[in-house]
Amino acid sequence: AATAGLLSGWLALDDAFLVHEIVLPELGIAQNLVLAAIVVSAVAYVVANHRIILNHDKWLLLLACGALAFSMGVDTVFQRLDPVLVYVEDGAKFFGIFFWASFHITTMARLLLQPCAADDLGFAASFR
């Protein structure tokens with residue numbers, strides 16, 4: 001749960017303050033390096049939480065990752081060619097955020113409502 005919160009928080013801050021587009025490049029850190037770090041973080045999140053992901057609505061997470069990857073691709077490759085594509089990027093980002101949040105909300109609800117599933121993860125005792 002903590003890794004999902006940390007990654008979600010970073011993605012929200014990055015989107016709200018244009019960290020990968022303006023802030024870090026102004027400090028000398030290339031945008032592509034920041035995006036690569038986000039991808040590595042997402043892969044680490046999936047590896048660390050694969051048991052939970054595989055036992056729940058993984059299709060929601062797949063849709064989220066696909067939409068966010070598409071948004072990232074438009075941002076880095078095509079947006080510079082045609083400014084109208086910012087709508088395509090933001091649309092894909094919206095769907096990615098929606099599916100990302102849907103996966104995490106439904107997964108946490110199920111884990112909290114099924115004590116035996118939460119016991120397997122080692123944190124159910126704190127909710128009793």
# chains A, B, ... in the order shown; residues from 1 in each chain; ligands from 1
call {"tool": "residues_around", "arguments": {"residues": "Leu11 of chain A", "least_positions_apart": "2", "cutoff": "12 Å", "atoms": "only C-alpha atoms", "output": "list in words"}}
result
Ala4, Gly5, Leu6, Leu7, Ser8, Gly9, Leu13, Asp14, Asp15, Ala16, Phe17, Leu18, Val19, His20, Val34, Leu35, Ala37, Ile38, Val39, Ser41, Ala42, Leu68, Met72, Lys93, Gly96, Ile97, Trp100 and Ala101 of chain A
call {"tool": "write_last_selection", "arguments": {"atoms": "N, CA, C and O atoms", "output": "short mmCIF file (atom, residue, chain, number, x, y, z; two decimals), in the first residue's frame"}}
result
data_model
loop_
_atom_site.label_atom_id
_atom_site.label_comp_id
_atom_site.auth_asym_id
_atom_site.auth_seq_id
_atom_site.Cartn_x
_atom_site.Cartn_y
_atom_site.Cartn_z
N ALA A 4 2.25 2.01 -3.52
CA ALA A 4 1.22 2.58 -4.39
C ALA A 4 1.01 4.05 -4.06
O ALA A 4 0.89 4.90 -4.96
N GLY A 5 0.98 4.38 -2.78
CA GLY A 5 0.81 5.76 -2.36
C GLY A 5 1.98 6.64 -2.76
O GLY A 5 1.79 7.77 -3.23
N LEU A 6 3.18 6.14 -2.58
CA LEU A 6 4.37 6.92 -2.95
C LEU A 6 4.43 7.17 -4.46
O LEU A 6 4.69 8.29 -4.90
N LEU A 7 4.20 6.12 -5.24
CA LEU A 7 4.23 6.29 -6.69
C LEU A 7 3.10 7.20 -7.16
O LEU A 7 3.32 8.09 -7.98
N SER A 8 1.91 7.01 -6.61
CA SER A 8 0.78 7.86 -6.98
C SER A 8 1.05 9.32 -6.60
O SER A 8 0.74 10.24 -7.37
N GLY A 9 1.61 9.51 -5.42
CA GLY A 9 1.93 10.87 -4.98
C GLY A 9 2.94 11.55 -5.88
O GLY A 9 2.79 12.72 -6.25
N LEU A 13 2.30 14.92 -8.13
CA LEU A 13 3.15 16.11 -8.03
C LEU A 13 3.80 16.43 -9.38
O LEU A 13 3.87 17.60 -9.78
N ASP A 14 4.26 15.39 -10.05
CA ASP A 14 4.89 15.58 -11.36
C ASP A 14 3.92 16.22 -12.34
O ASP A 14 4.27 17.15 -13.06
N ASP A 15 2.69 15.74 -12.33
CA ASP A 15 1.69 16.27 -13.26
C ASP A 15 1.27 17.69 -12.88
O ASP A 15 1.14 18.56 -13.73
N ALA A 16 1.07 17.93 -11.60
CA ALA A 16 0.59 19.24 -11.16
C ALA A 16 1.62 20.35 -11.35
O ALA A 16 1.27 21.47 -11.70
N PHE A 17 2.88 20.03 -11.12
CA PHE A 17 3.92 21.06 -11.17
C PHE A 17 4.87 20.93 -12.34
O PHE A 17 5.91 21.59 -12.37
N LEU A 18 4.52 20.07 -13.32
CA LEU A 18 5.34 19.88 -14.52
C LEU A 18 6.80 19.60 -14.18
O LEU A 18 7.72 20.14 -14.78
N VAL A 19 6.99 18.73 -13.19
CA VAL A 19 8.33 18.44 -12.69
C VAL A 19 9.22 17.89 -13.80
O VAL A 19 10.37 18.32 -13.97
N HIS A 20 8.71 16.92 -14.59
CA HIS A 20 9.57 16.31 -15.63
C HIS A 20 9.72 17.19 -16.85
O HIS A 20 10.64 16.99 -17.63
N VAL A 34 14.08 11.59 -16.31
CA VAL A 34 13.00 11.58 -15.32
C VAL A 34 11.93 10.57 -15.72
O VAL A 34 11.45 9.80 -14.88
N LEU A 35 11.55 10.56 -16.99
CA LEU A 35 10.54 9.61 -17.46
C LEU A 35 11.04 8.18 -17.31
O LEU A 35 10.27 7.28 -16.95
N ALA A 37 13.09 7.14 -15.03
CA ALA A 37 13.01 6.85 -13.59
C ALA A 37 11.59 6.50 -13.19
O ALA A 37 11.37 5.61 -12.34
N ILE A 38 10.61 7.15 -13.79
CA ILE A 38 9.20 6.84 -13.51
C ILE A 38 8.88 5.43 -13.99
O ILE A 38 8.22 4.66 -13.28
N VAL A 39 9.35 5.07 -15.16
CA VAL A 39 9.10 3.72 -15.69
C VAL A 39 9.76 2.68 -14.78
O VAL A 39 9.15 1.66 -14.45
N SER A 41 10.44 2.98 -11.63
CA SER A 41 9.66 2.95 -10.39
C SER A 41 8.37 2.15 -10.56
O SER A 41 7.98 1.39 -9.67
N ALA A 42 7.72 2.31 -11.71
CA ALA A 42 6.48 1.57 -11.97
C ALA A 42 6.75 0.07 -12.07
O ALA A 42 5.99 -0.74 -11.53
N LEU A 68 -1.33 5.50 -19.55
CA LEU A 68 -0.26 6.39 -19.09
C LEU A 68 0.97 6.28 -19.99
O LEU A 68 1.64 7.28 -20.27
N MET A 72 2.59 9.25 -22.15
CA MET A 72 4.02 9.54 -22.07
C MET A 72 4.65 9.55 -23.46
O MET A 72 5.49 10.40 -23.77
N LYS A 93 -3.99 10.54 -20.42
CA LYS A 93 -3.59 10.68 -19.02
C LYS A 93 -4.81 10.59 -18.10
O LYS A 93 -4.76 9.96 -17.05
N GLY A 96 -5.78 7.01 -17.84
CA GLY A 96 -4.77 6.33 -17.04
C GLY A 96 -4.96 6.58 -15.55
O GLY A 96 -4.91 5.66 -14.74
N ILE A 97 -5.21 7.84 -15.19
CA ILE A 97 -5.44 8.19 -13.79
C ILE A 97 -6.70 7.52 -13.28
O ILE A 97 -6.75 6.99 -12.16
N TRP A 100 -5.99 3.79 -12.86
CA TRP A 100 -5.03 3.63 -11.77
C TRP A 100 -5.76 3.76 -10.43
O TRP A 100 -5.61 2.92 -9.55
N ALA A 101 -6.54 4.81 -10.28
CA ALA A 101 -7.28 5.02 -9.03
C ALA A 101 -8.31 3.91 -8.83
O ALA A 101 -8.47 3.41 -7.70
#
call {"tool": "closest_residue", "arguments": {"among": "A:Leu33, A:Phe94, A:Thr106, A:Glu21", "to": "Asp75 of chain A", "atoms": "only C-alpha atoms"}}
result
A:Glu21
call {"tool": "closest_residue", "arguments": {"among": "A:Val86, A:Val23, A:Ile105, A:Ala2", "to": "Ala48 of chain A", "atoms": "only C-alpha atoms"}}
result
A:Ala2
call {"tool": "select_by_dssp", "arguments": {"residues": "chain A", "states": "alpha helix (DSSP H)", "output": "ChimeraX atom specification"}}
result
/A:2-17,24-26,31-48,50-54,58-73,85-113,115-121
